[in-house]
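A quick write-up on the structure given underneath.
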Amino acid sequence: MELTLISESIEDTLNIGRIIGKNLSGGDVVALIGDLGSGKTCITQGIALGIGIPEEYRITSPTFTLINEYPGKITLYHIDIYRLSGPQDLEDMGYEEYFYGDGVTIIEWAEKIKDILPKKCLHVYLRYLDENKREIKISGHTGKTEQIPKMLKEGGF
C-alpha cells in the first residue's frame with residue numbers, strides 16, 4: 001500500500017492520524033520520517049486518539065526522555081530517537097520489548113534506525129509545504145492497513 005495525501009491544517013493531520021490509529025492493533029510499529037516541524041508529533045496525537053488513548057493525556061514529543069508511554073485500550077509507546085546516534089543506542093534500551101510487544105509503537109526520526117525496523121512496519125513520511133500544509137505519504141507491508149485509504153476517502157481525503 002502507498003498513499004499520498006495533502007493535509008491542509010492541523011485538524012486534517014490529526015484526522016489522518018486518527019484514521020491510521022483506528023487500523024492499528026497491539027504489536028504494530030509506525031515509523032515517522034520528516035524534518036523538524038513536519039507534523040510528526042501532531043500525527044502521533046491523532047494516532048493516539050485512534051487507538052483509544054484517553055484525550056486527557058497530553059501527547060508530546062519525548063525528545064529528552066526518549067520514550068513516553070500512554071495507557072489506553074492499547075498501550076502507546078512513543079519513541080523519539082532524534083538525539084540517538086543509531087541502532088546501537090536502541091539496543092542498549094531493549095528496543096525489542098517495544099517493537100515486538102503488545103502495544104503500538106510510534107518512532108519519530110525512524111530513518112536513523114531503518115535497518116532494524118520490523119518488516120511489517122507502517123511508514124509515514126511527512127513533508128512541510130507551508131505553515132498549514134503537509135504532504136503525508138503512507139506506505140507499508142502490513143495487511144491491517146488496507147482499510148486506511150477507504151476510511152481516508154470517506155473522511156474527505
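Lettering and numbering for the C-alpha cells are positional, with chains as A, B, ... in the shown order, residues counted from 1 in each chain, and ligands counted from 1 in the shown order.
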
Query - For stretch 124-139 of chain A: contacts at 8 Å, only C-alpha atoms, fewer than 2 positions along chain excluded, given as a PyMOL selection string - result: chain A and resi 1-10+13+30-35+37-40+122+141

Could those residues be written to a file, using N, CA and C atoms, as a short mmCIF file (atom, residue, chain, number, x, y, z; two decimals), in the first residue's frame?
```cif
data_model
loop_
_atom_site.label_atom_id
_atom_site.label_comp_id
_atom_site.auth_asym_id
_atom_site.auth_seq_id
_atom_site.Cartn_x
_atom_site.Cartn_y
_atom_site.Cartn_z
N MET A 1 0.84 -1.17 0.00
CA MET A 1 0.00 0.00 0.00
C MET A 1 0.88 1.24 0.00
N GLU A 2 0.57 2.20 -0.85
CA GLU A 2 1.23 3.51 -0.82
C GLU A 2 0.18 4.56 -1.14
N LEU A 3 0.17 5.61 -0.34
CA LEU A 3 -0.84 6.63 -0.44
C LEU A 3 -0.21 7.98 -0.16
N THR A 4 -0.52 9.00 -0.98
CA THR A 4 -0.03 10.35 -0.74
C THR A 4 -1.22 11.27 -0.51
N LEU A 5 -1.15 12.04 0.58
CA LEU A 5 -2.23 12.96 0.95
C LEU A 5 -1.65 14.35 1.17
N ILE A 6 -2.50 15.35 1.04
CA ILE A 6 -2.13 16.71 1.41
C ILE A 6 -3.02 17.11 2.58
N SER A 7 -2.40 17.42 3.70
CA SER A 7 -3.12 17.93 4.86
C SER A 7 -3.12 19.45 4.75
N GLU A 8 -4.29 20.03 4.85
CA GLU A 8 -4.44 21.49 4.74
C GLU A 8 -4.38 22.19 6.09
N SER A 9 -4.39 21.39 7.19
CA SER A 9 -4.47 22.02 8.52
C SER A 9 -4.05 21.02 9.61
N ILE A 10 -3.87 21.54 10.80
CA ILE A 10 -3.59 20.68 11.96
C ILE A 10 -4.73 19.68 12.14
N THR A 13 -4.33 16.82 9.77
CA THR A 13 -3.26 15.92 10.19
C THR A 13 -3.71 15.05 11.36
N VAL A 30 4.86 2.06 13.88
CA VAL A 30 4.72 3.14 12.91
C VAL A 30 6.01 3.94 12.90
N ALA A 31 6.64 4.02 11.73
CA ALA A 31 7.89 4.77 11.56
C ALA A 31 7.55 6.13 10.97
N LEU A 32 7.83 7.19 11.72
CA LEU A 32 7.58 8.55 11.25
C LEU A 32 8.88 9.15 10.74
N ILE A 33 8.83 9.70 9.55
CA ILE A 33 10.02 10.27 8.91
C ILE A 33 9.67 11.64 8.39
N GLY A 34 10.44 12.65 8.81
CA GLY A 34 10.20 14.01 8.35
C GLY A 34 11.05 14.99 9.12
N ASP A 35 11.25 16.15 8.53
CA ASP A 35 12.08 17.19 9.15
C ASP A 35 11.38 17.80 10.36
N GLY A 37 9.26 20.17 12.44
CA GLY A 37 8.08 20.94 12.07
C GLY A 37 7.21 20.34 10.99
N SER A 38 7.47 19.09 10.62
CA SER A 38 6.69 18.49 9.53
C SER A 38 5.38 17.86 10.01
N GLY A 39 5.19 17.73 11.32
CA GLY A 39 3.92 17.22 11.83
C GLY A 39 3.98 15.85 12.48
N LYS A 40 5.18 15.37 12.81
CA LYS A 40 5.31 14.03 13.40
C LYS A 40 4.56 13.91 14.73
N LEU A 122 4.65 0.24 9.42
CA LEU A 122 3.95 1.23 8.61
C LEU A 122 4.83 2.47 8.57
N HIS A 141 3.82 -2.69 4.69
CA HIS A 141 3.61 -4.07 4.26
C HIS A 141 2.62 -4.81 5.16
#
```

**Report entry** All residues 6 Å or closer to stretch 69-86 of chain A, only C-alpha atoms, same chain fewer than 2 positions away omitted, as a VMD selection string
**Finding:** chain A and resid 52 to 53 62 to 63 66 to 67 88 to 89 103 to 109 112 to 113

Could you write those residues out with N, CA and C atoms, as a PDB file, in the first residue's frame?
```pdb
ATOM      1  N   GLY A  52      -7.419   4.748  20.976  1.00  0.00           N
ATOM      2  CA  GLY A  52      -8.171   4.781  22.228  1.00  0.00           C
ATOM      3  C   GLY A  52      -7.429   5.330  23.434  1.00  0.00           C
ATOM      4  N   ILE A  53      -6.369   6.086  23.225  1.00  0.00           N
ATOM      5  CA  ILE A  53      -5.704   6.745  24.354  1.00  0.00           C
ATOM      6  C   ILE A  53      -6.627   7.874  24.807  1.00  0.00           C
ATOM      7  N   PRO A  62       8.869  12.939  22.948  1.00  0.00           N
ATOM      8  CA  PRO A  62       9.784  12.558  24.025  1.00  0.00           C
ATOM      9  C   PRO A  62      11.264  12.788  23.677  1.00  0.00           C
ATOM     10  N   THR A  63      11.573  13.953  23.118  1.00  0.00           N
ATOM     11  CA  THR A  63      12.931  14.229  22.657  1.00  0.00           C
ATOM     12  C   THR A  63      13.966  14.033  23.757  1.00  0.00           C
ATOM     13  N   LEU A  66      13.209  10.246  25.601  1.00  0.00           N
ATOM     14  CA  LEU A  66      13.352   9.182  24.599  1.00  0.00           C
ATOM     15  C   LEU A  66      12.091   8.353  24.399  1.00  0.00           C
ATOM     16  N   ILE A  67      11.393   7.970  25.486  1.00  0.00           N
ATOM     17  CA  ILE A  67      10.177   7.160  25.344  1.00  0.00           C
ATOM     18  C   ILE A  67       9.098   7.687  26.283  1.00  0.00           C
ATOM     19  N   GLN A  88      22.546   1.056  17.725  1.00  0.00           N
ATOM     20  CA  GLN A  88      23.234   0.563  18.923  1.00  0.00           C
ATOM     21  C   GLN A  88      22.674   1.193  20.193  1.00  0.00           C
ATOM     22  N   ASP A  89      22.360   2.485  20.128  1.00  0.00           N
ATOM     23  CA  ASP A  89      21.776   3.158  21.297  1.00  0.00           C
ATOM     24  C   ASP A  89      20.435   2.533  21.675  1.00  0.00           C
ATOM     25  N   GLY A 103       1.912  -3.428  22.663  1.00  0.00           N
ATOM     26  CA  GLY A 103       1.439  -2.070  22.409  1.00  0.00           C
ATOM     27  C   GLY A 103       1.663  -1.648  20.975  1.00  0.00           C
ATOM     28  N   VAL A 104       1.243  -0.414  20.671  1.00  0.00           N
ATOM     29  CA  VAL A 104       1.556   0.220  19.392  1.00  0.00           C
ATOM     30  C   VAL A 104       2.766   1.103  19.640  1.00  0.00           C
ATOM     31  N   THR A 105       3.773   0.989  18.789  1.00  0.00           N
ATOM     32  CA  THR A 105       4.991   1.767  18.929  1.00  0.00           C
ATOM     33  C   THR A 105       5.095   2.752  17.775  1.00  0.00           C
ATOM     34  N   ILE A 106       5.282   4.026  18.114  1.00  0.00           N
ATOM     35  CA  ILE A 106       5.477   5.080  17.124  1.00  0.00           C
ATOM     36  C   ILE A 106       6.886   5.617  17.305  1.00  0.00           C
ATOM     37  N   ILE A 107       7.631   5.692  16.211  1.00  0.00           N
ATOM     38  CA  ILE A 107       9.030   6.107  16.269  1.00  0.00           C
ATOM     39  C   ILE A 107       9.219   7.363  15.431  1.00  0.00           C
ATOM     40  N   GLU A 108       9.578   8.463  16.094  1.00  0.00           N
ATOM     41  CA  GLU A 108       9.942   9.683  15.373  1.00  0.00           C
ATOM     42  C   GLU A 108      11.412   9.604  14.982  1.00  0.00           C
ATOM     43  N   TRP A 109      11.740  10.096  13.797  1.00  0.00           N
ATOM     44  CA  TRP A 109      13.102  10.063  13.232  1.00  0.00           C
ATOM     45  C   TRP A 109      13.522   8.626  12.929  1.00  0.00           C
ATOM     46  N   LYS A 112      16.757   6.980  11.141  1.00  0.00           N
ATOM     47  CA  LYS A 112      18.049   6.735  11.796  1.00  0.00           C
ATOM     48  C   LYS A 112      18.257   5.261  12.137  1.00  0.00           C
ATOM     49  N   ILE A 113      17.159   4.492  12.144  1.00  0.00           N
ATOM     50  CA  ILE A 113      17.264   3.069  12.519  1.00  0.00           C
ATOM     51  C   ILE A 113      16.597   2.171  11.488  1.00  0.00           C
TER      52      ILE A 113
END
```

Report summary line: atom CA of A:Arg58 sits from atom CA of A:Ile16 at a separation of 18.2 Å

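Each of A:Leu14, A:Ile20, A:Ile43, A:Ala48 was checked against A:Gly140 using only C-alpha atoms; the smallest atom-to-atom distance is that of A:Ile20.
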